[in-house]
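Q: Input entry-v9.cif, format and content: mmCIF, C-alpha atoms and all ligand atoms.
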```
data_target
loop_
_atom_site.label_atom_id
_atom_site.label_comp_id
_atom_site.auth_asym_id
_atom_site.auth_seq_id
_atom_site.Cartn_x
_atom_site.Cartn_y
_atom_site.Cartn_z
CA MET D 727 0.00 0.00 0.00
CA ILE D 728 1.25 3.50 -0.85
CA SER D 729 1.39 5.78 2.16
CA ALA D 730 3.09 9.02 3.02
CA ALA D 731 5.62 7.05 4.98
CA THR D 732 6.58 5.19 1.82
CA PHE D 733 8.04 8.37 0.36
CA GLY D 734 9.40 9.93 3.51
CA GLU D 735 7.15 13.02 3.44
CA PRO D 736 3.40 13.79 3.25
CA VAL D 737 1.92 13.76 -0.25
CA GLY D 738 -1.50 14.82 -1.60
CA PRO D 739 -3.75 12.59 -3.73
CA ARG D 740 -2.33 13.84 -7.09
CA ASP D 741 1.26 13.42 -5.93
CA ALA D 742 0.45 10.00 -4.56
CA ARG D 743 -0.94 8.96 -7.97
CA ALA D 744 2.18 10.21 -9.72
CA ALA D 745 4.34 8.45 -7.20
CA LEU D 746 2.39 5.25 -7.72
CA HIS D 747 3.66 5.15 -11.31
CA GLU D 748 7.18 5.52 -10.13
CA VAL D 749 6.96 2.70 -7.67
CA SER D 750 8.36 -0.48 -9.13
CA ALA D 751 6.96 -3.88 -8.24
CA ASP D 752 10.36 -4.45 -6.68
CA PRO D 753 10.68 -2.38 -3.50
CA LEU D 754 14.46 -2.39 -3.79
CA VAL D 755 14.32 -0.28 -6.96
CA ARG D 756 12.55 2.48 -5.09
CA THR D 757 14.57 2.30 -1.90
CA ASP D 758 18.09 1.64 -3.11
CA PRO D 759 18.67 1.75 -6.87
CA GLU D 760 22.42 1.53 -6.27
CA VAL D 761 22.19 -1.90 -4.67
CA GLU D 762 19.47 -2.89 -7.14
CA ARG D 763 21.85 -2.16 -10.04
CA LEU D 764 24.54 -4.31 -8.44
CA LEU D 765 22.10 -7.17 -7.95
CA ILE D 766 21.03 -6.98 -11.58
CA ALA D 767 24.68 -7.00 -12.64
CA GLU D 768 25.28 -10.16 -10.60
CA GLU D 769 22.11 -11.76 -11.95
CA GLU D 770 23.40 -11.09 -15.49
CA ARG D 771 26.84 -12.45 -14.62
CA GLN D 772 25.31 -15.63 -13.27
CA ARG D 773 23.02 -15.98 -16.31
CA ASP D 774 25.53 -15.11 -19.03
CA GLY D 775 28.47 -17.07 -17.68
CA LEU D 776 29.32 -20.65 -16.86
CA GLU D 777 29.72 -21.21 -13.12
CA LEU D 778 32.14 -24.05 -12.44
CA ILE D 779 32.98 -23.49 -8.78
CA PRO D 780 32.15 -26.84 -7.16
CA SER D 781 30.97 -25.35 -3.88
CA GLU D 782 28.35 -23.14 -5.54
CA ASN D 783 24.89 -23.78 -6.94
CA TYR D 784 21.65 -22.04 -7.94
CA ALA D 785 19.06 -22.11 -5.16
CA SER D 786 15.49 -22.53 -6.37
CA PRO D 787 12.98 -19.65 -6.38
CA ALA D 788 11.22 -21.40 -3.47
CA VAL D 789 14.42 -21.39 -1.41
CA ARG D 790 14.99 -17.73 -2.25
CA ALA D 791 11.39 -16.87 -1.36
CA ALA D 792 11.91 -18.36 2.11
CA LEU D 793 15.17 -16.43 2.45
CA SER D 794 13.48 -13.10 1.82
CA SER D 795 10.51 -13.92 4.09
CA VAL D 796 9.32 -12.15 7.26
CA LEU D 797 11.20 -14.69 9.36
CA THR D 798 14.25 -12.43 9.05
CA ASN D 799 12.44 -10.10 11.47
CA LYS D 800 12.44 -12.54 14.40
CA TYR D 801 14.79 -13.20 17.30
CA SER D 802 14.69 -16.73 18.72
CA GLU D 803 17.76 -17.60 20.76
CA GLY D 804 17.44 -21.04 22.24
CA TYR D 805 15.79 -24.11 20.82
CA SER D 806 12.24 -25.19 20.06
CA GLY D 807 10.13 -24.95 23.23
CA GLN D 808 13.00 -23.29 25.13
CA ARG D 809 13.54 -19.80 23.75
CA TYR D 810 14.57 -16.53 25.33
CA TYR D 811 11.94 -14.47 23.46
CA GLY D 812 8.16 -14.70 23.04
CA GLY D 813 6.21 -15.19 19.83
CA GLN D 814 7.92 -18.43 18.81
CA GLU D 815 5.01 -20.63 17.77
CA VAL D 816 5.78 -20.33 14.06
CA ILE D 817 9.56 -20.32 14.46
CA ASP D 818 9.45 -23.49 16.56
CA ALA D 819 7.32 -25.21 13.91
CA VAL D 820 9.71 -24.12 11.13
CA GLU D 821 12.80 -25.31 13.02
CA ASP D 822 11.16 -28.61 14.02
CA LEU D 823 10.22 -29.20 10.39
CA ALA D 824 13.74 -28.42 9.16
CA CYS D 825 15.27 -30.78 11.76
CA ALA D 826 12.88 -33.62 10.94
CA ARG D 827 13.55 -33.26 7.22
CA ALA D 828 17.32 -33.06 7.76
CA LEU D 829 17.19 -36.47 9.44
CA ARG D 830 14.95 -37.92 6.72
CA LEU D 831 17.52 -36.97 4.08
CA PHE D 832 19.94 -39.56 5.43
CA LEU D 833 18.12 -41.92 7.79
CA ARG D 834 15.11 -44.16 7.43
CA GLY D 835 12.07 -44.58 9.71
CA LYS D 836 12.88 -45.54 13.29
CA GLU D 837 16.59 -44.83 12.76
CA CYS D 838 15.75 -41.12 13.05
CA LEU D 839 14.74 -41.62 16.70
CA GLU D 840 18.37 -42.19 17.67
CA TRP D 841 19.62 -38.98 16.04
CA ASP D 842 19.17 -35.21 16.29
CA ALA D 843 19.71 -32.45 13.78
CA ASN D 844 20.86 -28.96 14.66
CA VAL D 845 20.00 -26.60 11.81
CA GLN D 846 21.20 -23.38 13.45
CA PRO D 847 24.90 -23.22 12.37
CA TYR D 848 25.50 -20.21 10.15
CA SER D 849 28.03 -22.11 8.01
CA GLY D 850 29.95 -25.35 7.69
CA THR D 851 32.87 -23.85 9.60
CA SER D 852 30.55 -22.81 12.45
CA ALA D 853 29.15 -26.34 12.50
CA ASN D 854 32.66 -27.81 12.82
CA ILE D 855 33.69 -25.31 15.50
CA ALA D 856 30.56 -26.17 17.50
CA VAL D 857 31.29 -29.88 17.25
CA LEU D 858 34.83 -29.32 18.49
CA LEU D 859 33.80 -27.03 21.31
CA GLY D 860 31.00 -29.36 22.38
CA LEU D 861 32.80 -32.68 22.15
CA ALA D 862 36.57 -32.15 22.52
CA PRO D 863 38.27 -30.31 25.41
CA LEU D 864 40.31 -27.33 24.20
CA GLY D 865 43.89 -28.39 23.51
CA SER D 866 43.00 -31.99 22.73
CA ARG D 867 44.27 -33.72 19.61
CA LEU D 868 42.59 -33.61 16.19
CA LEU D 869 43.41 -35.41 12.99
CA GLY D 870 42.18 -34.21 9.61
CA LEU D 871 43.16 -34.06 5.94
CA GLN D 872 45.80 -31.43 5.16
CA LEU D 873 44.34 -28.31 3.48
CA THR D 874 46.79 -28.41 0.57
CA HIS D 875 45.82 -32.03 -0.08
CA GLY D 876 42.14 -31.13 -0.40
CA GLY D 877 41.12 -30.83 3.27
CA HIS D 878 39.43 -27.89 4.96
CA LEU D 879 40.61 -25.03 7.18
CA SER D 880 38.21 -26.08 9.92
CA HIS D 881 39.76 -29.57 10.15
CA GLY D 882 42.86 -28.40 12.00
CA HIS D 883 44.69 -25.86 9.84
CA ARG D 884 47.05 -23.77 11.96
CA VAL D 885 45.46 -20.42 11.03
CA ALA D 886 41.91 -21.53 11.88
CA PHE D 887 40.17 -21.97 15.24
CA SER D 888 40.60 -25.75 14.96
CA GLY D 889 44.37 -25.41 14.65
CA ILE D 890 44.72 -22.58 17.16
CA ALA D 891 42.65 -24.02 20.00
CA TYR D 892 43.52 -27.70 19.48
CA GLU D 893 46.62 -29.78 18.90
CA ALA D 894 46.01 -30.49 15.23
CA HIS D 895 47.68 -33.23 13.21
CA GLN D 896 47.11 -33.70 9.52
CA TYR D 897 47.09 -36.68 7.19
CA ALA D 898 48.17 -36.49 3.55
CA LEU D 899 47.23 -38.21 0.31
CA ASP D 900 49.30 -41.04 -1.08
CA PRO D 901 52.12 -39.30 -3.00
CA THR D 902 51.83 -41.63 -5.99
CA THR D 903 48.09 -42.21 -6.44
CA GLU D 904 46.99 -38.93 -4.78
CA HIS D 905 44.18 -40.97 -3.16
CA LEU D 906 43.47 -41.27 0.56
CA ASP D 907 45.87 -43.81 2.01
CA PHE D 908 44.02 -45.59 4.81
CA ASP D 909 47.06 -47.55 5.99
CA ALA D 910 49.00 -44.31 6.43
CA ILE D 911 46.04 -42.63 8.16
CA ARG D 912 45.71 -45.62 10.50
CA ALA D 913 49.43 -45.54 11.34
CA LEU D 914 49.28 -41.80 12.04
CA ALA D 915 46.09 -42.17 14.10
CA ARG D 916 47.76 -44.88 16.20
CA ARG D 917 50.64 -42.50 16.94
CA VAL D 918 48.55 -39.36 17.51
CA ARG D 919 45.56 -40.94 19.33
CA PRO D 920 43.27 -38.03 18.38
CA ALA D 921 40.11 -37.14 20.27
CA ILE D 922 38.48 -36.25 16.95
CA LEU D 923 39.12 -37.76 13.54
CA PHE D 924 37.76 -35.65 10.70
CA SER D 925 36.84 -37.15 7.38
CA GLY D 926 35.66 -35.07 4.44
CA ALA D 927 37.31 -32.65 2.05
CA SER D 928 36.82 -29.60 -0.08
CA ALA D 929 39.09 -30.34 -3.02
CA TYR D 930 39.35 -34.14 -3.20
CA PRO D 931 37.83 -35.54 -6.39
CA ARG D 932 37.43 -39.14 -5.26
CA ALA D 933 34.67 -40.87 -3.30
CA ILE D 934 35.47 -41.05 0.41
CA ASP D 935 35.23 -44.40 2.18
CA PHE D 936 33.69 -43.22 5.45
CA ARG D 937 33.51 -46.78 6.74
CA ALA D 938 37.30 -47.09 6.52
CA LEU D 939 37.70 -43.84 8.48
CA GLN D 940 35.18 -45.06 11.08
CA SER D 941 37.13 -48.27 11.60
CA ILE D 942 40.31 -46.24 12.19
CA ALA D 943 38.45 -44.00 14.67
CA ASP D 944 37.10 -47.08 16.48
CA GLU D 945 40.54 -48.62 16.69
CA VAL D 946 42.17 -45.55 18.27
CA GLY D 947 39.20 -44.45 20.39
CA ALA D 948 38.56 -41.23 18.42
CA LEU D 949 35.22 -39.64 17.68
CA HIS D 950 34.71 -39.71 13.93
CA VAL D 951 33.25 -36.48 12.52
CA ALA D 952 32.35 -36.71 8.84
CA ASP D 953 32.20 -33.31 7.18
CA ILE D 954 30.12 -33.99 4.08
CA ALA D 955 29.71 -30.33 3.08
CA HIS D 956 30.75 -30.98 -0.49
CA VAL D 957 29.04 -34.28 -1.14
CA ALA D 958 25.85 -34.02 0.95
CA GLY D 959 23.64 -33.68 -2.13
CA LEU D 960 25.40 -36.57 -3.85
CA ILE D 961 24.86 -38.74 -0.76
CA VAL D 962 21.17 -37.85 -0.58
CA GLY D 963 20.86 -38.63 -4.28
CA GLY D 964 22.64 -41.99 -3.96
CA ALA D 965 25.64 -40.86 -6.01
CA HIS D 966 28.26 -41.11 -3.23
CA PRO D 967 28.71 -43.51 -0.26
CA SER D 968 27.03 -42.32 2.94
CA PRO D 969 28.63 -41.97 6.41
CA PHE D 970 25.27 -42.92 7.98
CA PRO D 971 24.36 -44.64 10.21
CA PHE D 972 27.77 -45.70 11.50
CA THR D 973 29.38 -42.24 11.89
CA PRO D 974 28.29 -40.59 15.14
CA VAL D 975 28.62 -36.95 14.07
CA VAL D 976 28.11 -35.53 10.59
CA THR D 977 28.31 -31.88 9.53
CA PHE D 978 27.35 -30.36 6.21
CA THR D 979 26.45 -27.19 4.39
CA THR D 980 23.19 -26.63 2.57
CA HIS D 981 24.31 -24.47 -0.35
CA LYS D 982 26.68 -26.72 -2.30
CA THR D 983 25.46 -29.97 -3.88
CA LEU D 984 22.30 -29.71 -1.74
CA ARG D 985 21.34 -26.54 -3.65
CA GLY D 986 19.81 -24.67 -0.71
CA PRO D 987 20.54 -21.49 1.25
CA ARG D 988 23.97 -20.72 2.67
CA GLY D 989 24.30 -22.42 6.05
CA GLY D 990 25.41 -25.39 8.12
CA VAL D 991 23.80 -28.39 9.81
CA ILE D 992 25.01 -30.92 12.38
CA VAL D 993 23.44 -34.37 12.58
CA SER D 994 24.53 -36.42 15.57
CA ARG D 995 23.70 -39.50 17.55
CA ARG D 996 21.48 -38.49 20.44
CA GLU D 997 24.18 -38.88 23.12
CA HIS D 998 26.13 -36.00 21.54
CA SER D 999 23.23 -33.69 20.77
CA ALA D 1000 22.95 -31.71 24.01
CA ALA D 1001 26.66 -30.82 24.10
CA ILE D 1002 26.55 -29.80 20.44
CA ALA D 1003 23.40 -27.72 20.98
CA ARG D 1004 25.03 -25.84 23.88
CA ALA D 1005 28.13 -25.24 21.78
CA VAL D 1006 26.10 -23.78 18.88
CA PHE D 1007 24.08 -21.56 21.21
CA PRO D 1008 25.16 -19.95 23.49
CA GLY D 1009 28.68 -21.29 22.78
CA ILE D 1010 29.53 -19.65 19.49
CA GLN D 1011 26.39 -18.17 17.96
CA GLY D 1012 23.59 -15.75 18.77
CA GLY D 1013 20.09 -15.88 17.39
CA PRO D 1014 19.43 -18.41 14.65
CA HIS D 1015 18.71 -17.02 11.20
CA ASP D 1016 15.11 -18.17 11.04
CA HIS D 1017 14.60 -17.18 7.40
CA VAL D 1018 17.58 -19.39 6.54
CA THR D 1019 16.14 -22.19 8.66
CA ALA D 1020 12.93 -22.00 6.60
CA ALA D 1021 14.96 -22.03 3.40
CA LYS D 1022 16.88 -25.07 4.67
CA ALA D 1023 13.55 -26.83 5.24
CA VAL D 1024 12.52 -26.02 1.65
CA CYS D 1025 15.83 -27.26 0.29
CA PHE D 1026 15.49 -30.53 2.23
CA GLN D 1027 11.97 -31.01 0.85
CA GLU D 1028 13.32 -30.50 -2.68
CA ALA D 1029 16.17 -32.93 -2.05
CA LEU D 1030 13.73 -35.57 -0.76
CA GLN D 1031 12.00 -35.69 -4.17
CA PRO D 1032 12.89 -38.55 -6.55
CA GLU D 1033 14.12 -36.12 -9.23
CA PHE D 1034 16.89 -34.95 -6.90
CA SER D 1035 18.68 -38.27 -7.29
CA VAL D 1036 18.52 -37.85 -11.07
CA TYR D 1037 20.18 -34.47 -10.53
CA ALA D 1038 22.88 -35.88 -8.22
CA ARG D 1039 23.80 -38.66 -10.64
CA GLN D 1040 23.94 -36.21 -13.53
CA VAL D 1041 26.29 -33.97 -11.51
CA VAL D 1042 28.75 -36.87 -11.29
CA ALA D 1043 28.27 -37.95 -14.92
CA ASN D 1044 28.93 -34.36 -15.98
CA ALA D 1045 32.08 -34.11 -13.86
CA ARG D 1046 33.39 -37.32 -15.44
CA SER D 1047 32.73 -35.98 -18.96
CA LEU D 1048 34.40 -32.69 -18.18
CA ALA D 1049 37.40 -34.52 -16.70
CA GLU D 1050 37.73 -36.95 -19.60
CA ARG D 1051 37.59 -34.24 -22.23
CA LEU D 1052 40.12 -32.06 -20.38
CA ALA D 1053 42.41 -35.08 -20.16
CA GLU D 1054 42.03 -35.54 -23.94
CA HIS D 1055 43.22 -31.95 -24.26
CA GLY D 1056 46.36 -32.93 -22.33
CA PHE D 1057 45.52 -31.58 -18.87
CA ARG D 1058 46.73 -33.52 -15.83
CA LEU D 1059 43.96 -34.37 -13.38
CA VAL D 1060 44.94 -34.81 -9.75
CA THR D 1061 44.13 -38.49 -8.86
CA GLY D 1062 43.64 -39.13 -12.59
CA GLY D 1063 39.94 -38.32 -12.66
CA THR D 1064 36.86 -37.94 -10.50
CA ASP D 1065 34.10 -39.91 -8.78
CA THR D 1066 32.31 -36.83 -7.54
CA HIS D 1067 31.14 -33.36 -8.53
CA LEU D 1068 34.62 -31.84 -8.76
CA LEU D 1069 37.94 -32.14 -10.47
CA LEU D 1070 41.34 -30.63 -9.86
CA LEU D 1071 43.75 -29.68 -12.65
CA ASP D 1072 47.48 -29.56 -12.11
CA LEU D 1073 48.50 -26.71 -14.40
CA ARG D 1074 52.27 -27.01 -13.98
CA PRO D 1075 52.80 -29.00 -17.20
CA HIS D 1076 51.23 -26.09 -19.09
CA GLY D 1077 53.46 -23.49 -17.40
CA LEU D 1078 50.40 -21.83 -15.86
CA THR D 1079 49.43 -20.92 -12.33
CA GLY D 1080 45.94 -21.27 -10.89
CA THR D 1081 45.66 -17.49 -10.63
CA GLU D 1082 46.50 -17.02 -14.31
CA ALA D 1083 44.04 -19.72 -15.34
CA GLU D 1084 41.25 -18.30 -13.17
CA ALA D 1085 41.81 -14.82 -14.60
CA ALA D 1086 41.89 -16.02 -18.23
CA LEU D 1087 38.68 -18.00 -17.77
CA ASP D 1088 37.01 -15.00 -16.13
CA LEU D 1089 37.64 -13.07 -19.35
CA VAL D 1090 35.53 -15.53 -21.35
CA GLY D 1091 32.79 -15.88 -18.74
CA ILE D 1092 33.87 -19.20 -17.25
CA THR D 1093 34.14 -19.03 -13.45
CA ALA D 1094 36.45 -21.44 -11.64
CA ASN D 1095 38.75 -21.22 -8.67
CA LYS D 1096 42.47 -21.54 -8.19
CA ASN D 1097 43.40 -24.25 -5.74
CA THR D 1098 46.43 -25.95 -4.28
CA ILE D 1099 47.40 -29.37 -5.54
CA PRO D 1100 48.96 -32.01 -3.24
CA ASP D 1101 52.46 -30.91 -2.18
CA ASP D 1102 52.04 -27.72 -4.17
CA PRO D 1103 55.37 -25.93 -4.57
CA ARG D 1104 53.45 -22.64 -4.84
CA PRO D 1105 51.63 -20.75 -2.03
CA PRO D 1106 47.83 -21.09 -1.51
CA LYS D 1107 47.26 -17.51 -2.71
CA ASP D 1108 48.85 -18.34 -6.05
CA PRO D 1109 48.72 -22.12 -6.33
CA SER D 1110 49.39 -24.56 -9.17
CA GLY D 1111 45.88 -25.95 -9.54
CA LEU D 1112 42.40 -25.11 -10.72
CA ARG D 1113 39.27 -26.58 -9.14
CA LEU D 1114 36.21 -27.16 -11.32
CA GLY D 1115 32.80 -28.58 -10.48
CA THR D 1116 29.47 -29.33 -12.13
CA PRO D 1117 26.67 -28.76 -9.56
CA PRO D 1118 25.59 -25.29 -10.81
CA LEU D 1119 25.61 -26.10 -14.53
CA THR D 1120 23.78 -29.38 -13.93
CA THR D 1121 21.07 -27.38 -12.15
CA ARG D 1122 20.77 -25.36 -15.38
CA GLY D 1123 20.04 -28.57 -17.29
CA MET D 1124 23.40 -29.14 -18.96
CA ARG D 1125 24.50 -32.68 -19.70
CA GLU D 1126 27.61 -34.52 -20.93
CA ASP D 1127 27.66 -32.98 -24.43
CA ALA D 1128 27.64 -29.51 -22.86
CA MET D 1129 30.52 -30.52 -20.58
CA ARG D 1130 32.64 -31.61 -23.53
CA ARG D 1131 32.01 -28.29 -25.24
CA ILE D 1132 32.90 -26.40 -22.07
CA ALA D 1133 36.10 -28.44 -21.73
CA ASP D 1134 36.99 -27.39 -25.29
CA TRP D 1135 36.44 -23.74 -24.37
CA ILE D 1136 38.52 -24.09 -21.19
CA ALA D 1137 41.37 -25.68 -23.14
CA GLU D 1138 41.24 -23.08 -25.92
CA THR D 1139 41.20 -20.24 -23.38
CA LEU D 1140 44.09 -21.56 -21.33
CA LEU D 1141 46.22 -22.51 -24.30
CA HIS D 1142 45.67 -19.18 -26.10
CA ARG D 1143 45.27 -16.82 -23.18
CA SER D 1144 47.24 -13.99 -24.80
CA ASP D 1145 45.16 -14.00 -27.99
CA THR D 1146 42.71 -11.18 -27.25
CA ASP D 1147 40.68 -11.59 -30.44
CA ARG D 1148 40.20 -15.25 -29.73
CA LEU D 1149 39.15 -14.56 -26.13
CA THR D 1150 36.60 -11.98 -27.36
CA ARG D 1151 35.10 -14.54 -29.75
CA LEU D 1152 35.06 -17.18 -26.99
CA ARG D 1153 33.28 -14.74 -24.65
CA GLU D 1154 30.49 -14.34 -27.18
CA GLU D 1155 30.20 -18.09 -27.75
CA VAL D 1156 30.06 -18.74 -24.01
CA ARG D 1157 27.44 -16.02 -23.50
CA ALA D 1158 25.15 -17.35 -26.26
CA PHE D 1159 25.51 -20.90 -24.96
CA ALA D 1160 24.92 -19.93 -21.32
CA ARG D 1161 21.76 -18.00 -22.21
CA ALA D 1162 20.24 -21.17 -23.66
CA PHE D 1163 20.32 -22.67 -20.13
CA PRO D 1164 18.85 -19.99 -17.85
CA PRO D 1165 19.31 -20.43 -14.11
CA PRO D 1166 16.17 -21.14 -12.07
N1 LIG Z 1201 34.60 -22.43 0.72
C1 LIG Z 1201 34.23 -23.82 0.58
C2 LIG Z 1201 34.67 -24.38 -0.71
O1 LIG Z 1201 34.75 -23.62 -1.67
O2 LIG Z 1201 34.94 -25.56 -0.81
C3 LIG Z 1201 34.72 -24.61 1.70
O3 LIG Z 1201 34.39 -23.97 2.88
#
```
What does the file become when written as structure tokens?
A:
Amino acid sequence: MISAATFGEPVGPRDARAALHEVSADPLVRTDPEVERLLIAEEERQRDGLELIPSENYASPAVRAALSSVLTNKYSEGYSGQRYYGGQEVIDAVEDLACARALRLFLRGKECLEWDANVQPYSGTSANIAVLLGLAPLGSRLLGLQLTHGGHLSHGHRVAFSGIAYEAHQYALDPTTEHLDFDAIRALARRVRPAILFSGASAYPRAIDFRALQSIADEVGALHVADIAHVAGLIVGGAHPSPFPFTPVVTFTTHKTLRGPRGGVIVSRREHSAAIARAVFPGIQGGPHDHVTAAKAVCFQEALQPEFSVYARQVVANARSLAERLAEHGFRLVTGGTDTHLLLLDLRPHGLTGTEAEAALDLVGITANKNTIPDDPRPPKDPSGLRLGTPPLTTRGMREDAMRRIADWIAETLLHRSDTDRLTRLREEVRAFARAFPPP
């Protein structure tokens, strides 16, 4: 409704009519055209380019509707039925629904009764910090995959909370195969005797055998925490082995292969739930982002549909096609290929750095990210690798033939990165192609 308050000063009937014409359907246009212009620019970038960052995706309009809902107005510290503010009847119902659906993603029927979900973590890193704070005394020992071998900062890197507040030890990939080496991890775990053993990765292209990690944790008396942030959607869709129900604590994010809002979730066996809940709030967070909780619930509902497993399998099939075609172009793939949604190129044989490759691809509208490779001789800010992934483009309906074409464009761009005319032509080809597959 148009009111005087809408325009900041009193207006008469004629002025109000004139103003009515100026008011766009989108309130942001009226209130802040500067931000509106930036949002349109980003919308165009996402539509006209090819997004190949494996940790990104396109959330559905339903997820985005929940994100921009009135739930952003509410404060609700605490948990369902035990909040520090009034007016929680809707918020409790939303959070209960999100938790129940989170369990149903991975567990069947009565199994859910032995587990709890905490949907309040703001991110995957917050989820991992809460697990550590709740379940491992400060200063105790952790064991996780080294960052430069595809692990994650929150699994014990020295510059992160996990490496600052805990005695972190790191396992590495096998130097020859570049795969996880369970014998070496077992030997290290026997020496270190960690309180927490992390599995999971952010730049490892192969399927992770969570059962093997669980058996190592059992042998050395560690608590196994599987961080499935990258592969959660693949697991739900049956395209990657699951850590359930034998792993006691599992963390994940909702915005990568799960295609939901940005955020984290912790699913744990009931005996760990109370300590984790206290660590999330009041331990490290304030009020939950209730609009995000609603969007998580929507994303879980979408992922529970049969078509989601078609999506997850296509993500992997696309990654394989992309990898195979890039290998045909002479690129070296770390581990030799992929079983998942992502692949990692070692650019050293082409005399290129990850930064140079990322910048060249940006010029033609292909978005990827530089990444370290195992035992990278270069620093993380300017590493030797490039990480590519297929979740966003699969959401846009692209299949294997599209991946082969994109691999051809990537190869042409990287091999002729100083040829400005060629890059200009490639930019137009990429734009026309991308527009044929609009994002949701
Ligand atoms: N930033 C995420 C990724 O890109 O893999 C991990 O936190």
Q: Looking at D:Val755, D:Cys825, D:Leu869, D:Ile934, which one is nearest to Leu914 in chain D, with distances taken over all atoms listed in the file?
A: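 For Leu914 in chain D, the nearest of the candidates is D:Leu869.
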Q: Using only C-alpha atoms, can you tell me which of D:Thr980, D:Ser852, D:Thr1146, D:Ser781 comes closest to Phe1026 in chain D?
A: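 That would be D:Thr980, the residue with the smallest distance to Phe1026 in chain D.
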Q: Using all atoms listed in the file for the distances, tell me which of D:Gly882, D:Pro967, D:Gly1080, D:Pro1165 is nearest to Pro787 in chain D.
A: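 The shortest atom-to-atom distance to Pro787 in chain D comes from D:Pro1165.
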Q: What is the CA of Thr1098 in chain D to CA of Val1042 in chain D distance in Å?
A: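 For CA of Thr1098 in chain D relative to CA of Val1042 in chain D, the distance reads 21.9 Å.
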Q: So which residues fall inside 12 Å of (15.4, -41.4, 1.0) if we count all atoms listed in the file? Mind giving them as number ranges by chain?
A: D: 827-835, 959, 961-964, 968, 1026-1035
Q: As a PyMOL selection string, please: every protein or nucleic acid residue near ligand LIG 1201 (chain Z) (cut-off 7 Å, counting all atoms listed in the file).
A: chain D and resi 780-781+850-851+878+928-929+956
Q: Emit the selected residues as a PDB file, in the frame of the given file, including C-alpha atoms.
A:
```pdb
ATOM      1  CA  PRO D 780      32.150 -26.840  -7.160  1.00  0.00           C
ATOM      2  CA  SER D 781      30.970 -25.350  -3.880  1.00  0.00           C
ATOM      3  CA  GLY D 850      29.950 -25.350   7.690  1.00  0.00           C
ATOM      4  CA  THR D 851      32.870 -23.850   9.600  1.00  0.00           C
ATOM      5  CA  HIS D 878      39.430 -27.890   4.960  1.00  0.00           C
ATOM      6  CA  SER D 928      36.820 -29.600  -0.080  1.00  0.00           C
ATOM      7  CA  ALA D 929      39.090 -30.340  -3.020  1.00  0.00           C
ATOM      8  CA  HIS D 956      30.750 -30.980  -0.490  1.00  0.00           C
TER       9      HIS D 956
END
```
Q: Compile the contact shell of Glu1154 in chain D as a list in words: residues with an atom at most 9 Å away, counting all atoms listed in the file, same-chain residues fewer than 4 positions apart removed.
A: Val1090, Gly1091, Leu1149, Thr1150, Ala1158 and Phe1159 of chain D
Q: Using all atoms listed in the file, determine which residues lie at most 9 Å from Asn1095 in chain D, disregarding the query and same-chain residues fewer than 5 positions distant; provide the list as JSON, numbers by chain.
A: {"D": [778, 779, 780, 1080, 1081, 1083, 1084, 1111, 1112, 1113, 1114]}
Q: Identify, on the basis of all atoms listed in the file, every residue whose closest approach to Leu868 in chain D does not exceed 7 Å; exclude the query and any residue fewer than 4 positions from it along the same chain; express the result as a list in words.
A: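 Near Leu868 in chain D, the qualifying residues are Gly882, Tyr892, Glu893, Ala894, His895, Pro920, Ala921, Ile922 and Leu923 of chain D.
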Q: Using all atoms listed in the file, which residue out of D:Glu760, D:Glu782, D:Glu904, D:Glu768 lies closest to Thr1120 in chain D?
A: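 Selected residue with least distance to Thr1120 in chain D: D:Glu782.
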Q: Smallest atom-to-atom distance to Ala1023 in chain D: which of D:Val1060, D:Ala943, D:Val991, D:Leu1069, using only C-alpha atoms?
A: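 Nearest to Ala1023 in chain D: D:Val991.
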Q: Which is closest to Pro1103 in chain D among D:Thr1079, D:Ser795, D:Thr979, D:Thr1139, if we use only C-alpha atoms?
A: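 For Pro1103 in chain D, the nearest of the candidates is D:Thr1079.
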Q: Scan for residues within 12 Å of the point (29.2, -43.4, 11.1) in the coordinates of the file, using all atoms listed in the file, and reply as a PyMOL selection string.
A: chain D and resi 832-833+841+923-925+935-944+949-954+967-977+993-995
Q: So the first atom is CA of Val845 in chain D and the second is CA of Leu858 in chain D; what is the distance between them in Å, to one decimal place?
A: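 Interatomic distance here is 16.5 Å.
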Q: What gap, in Å, lies between CA of Leu873 in chain D and CA of Pro1109 in chain D?
A: 12.4 Å
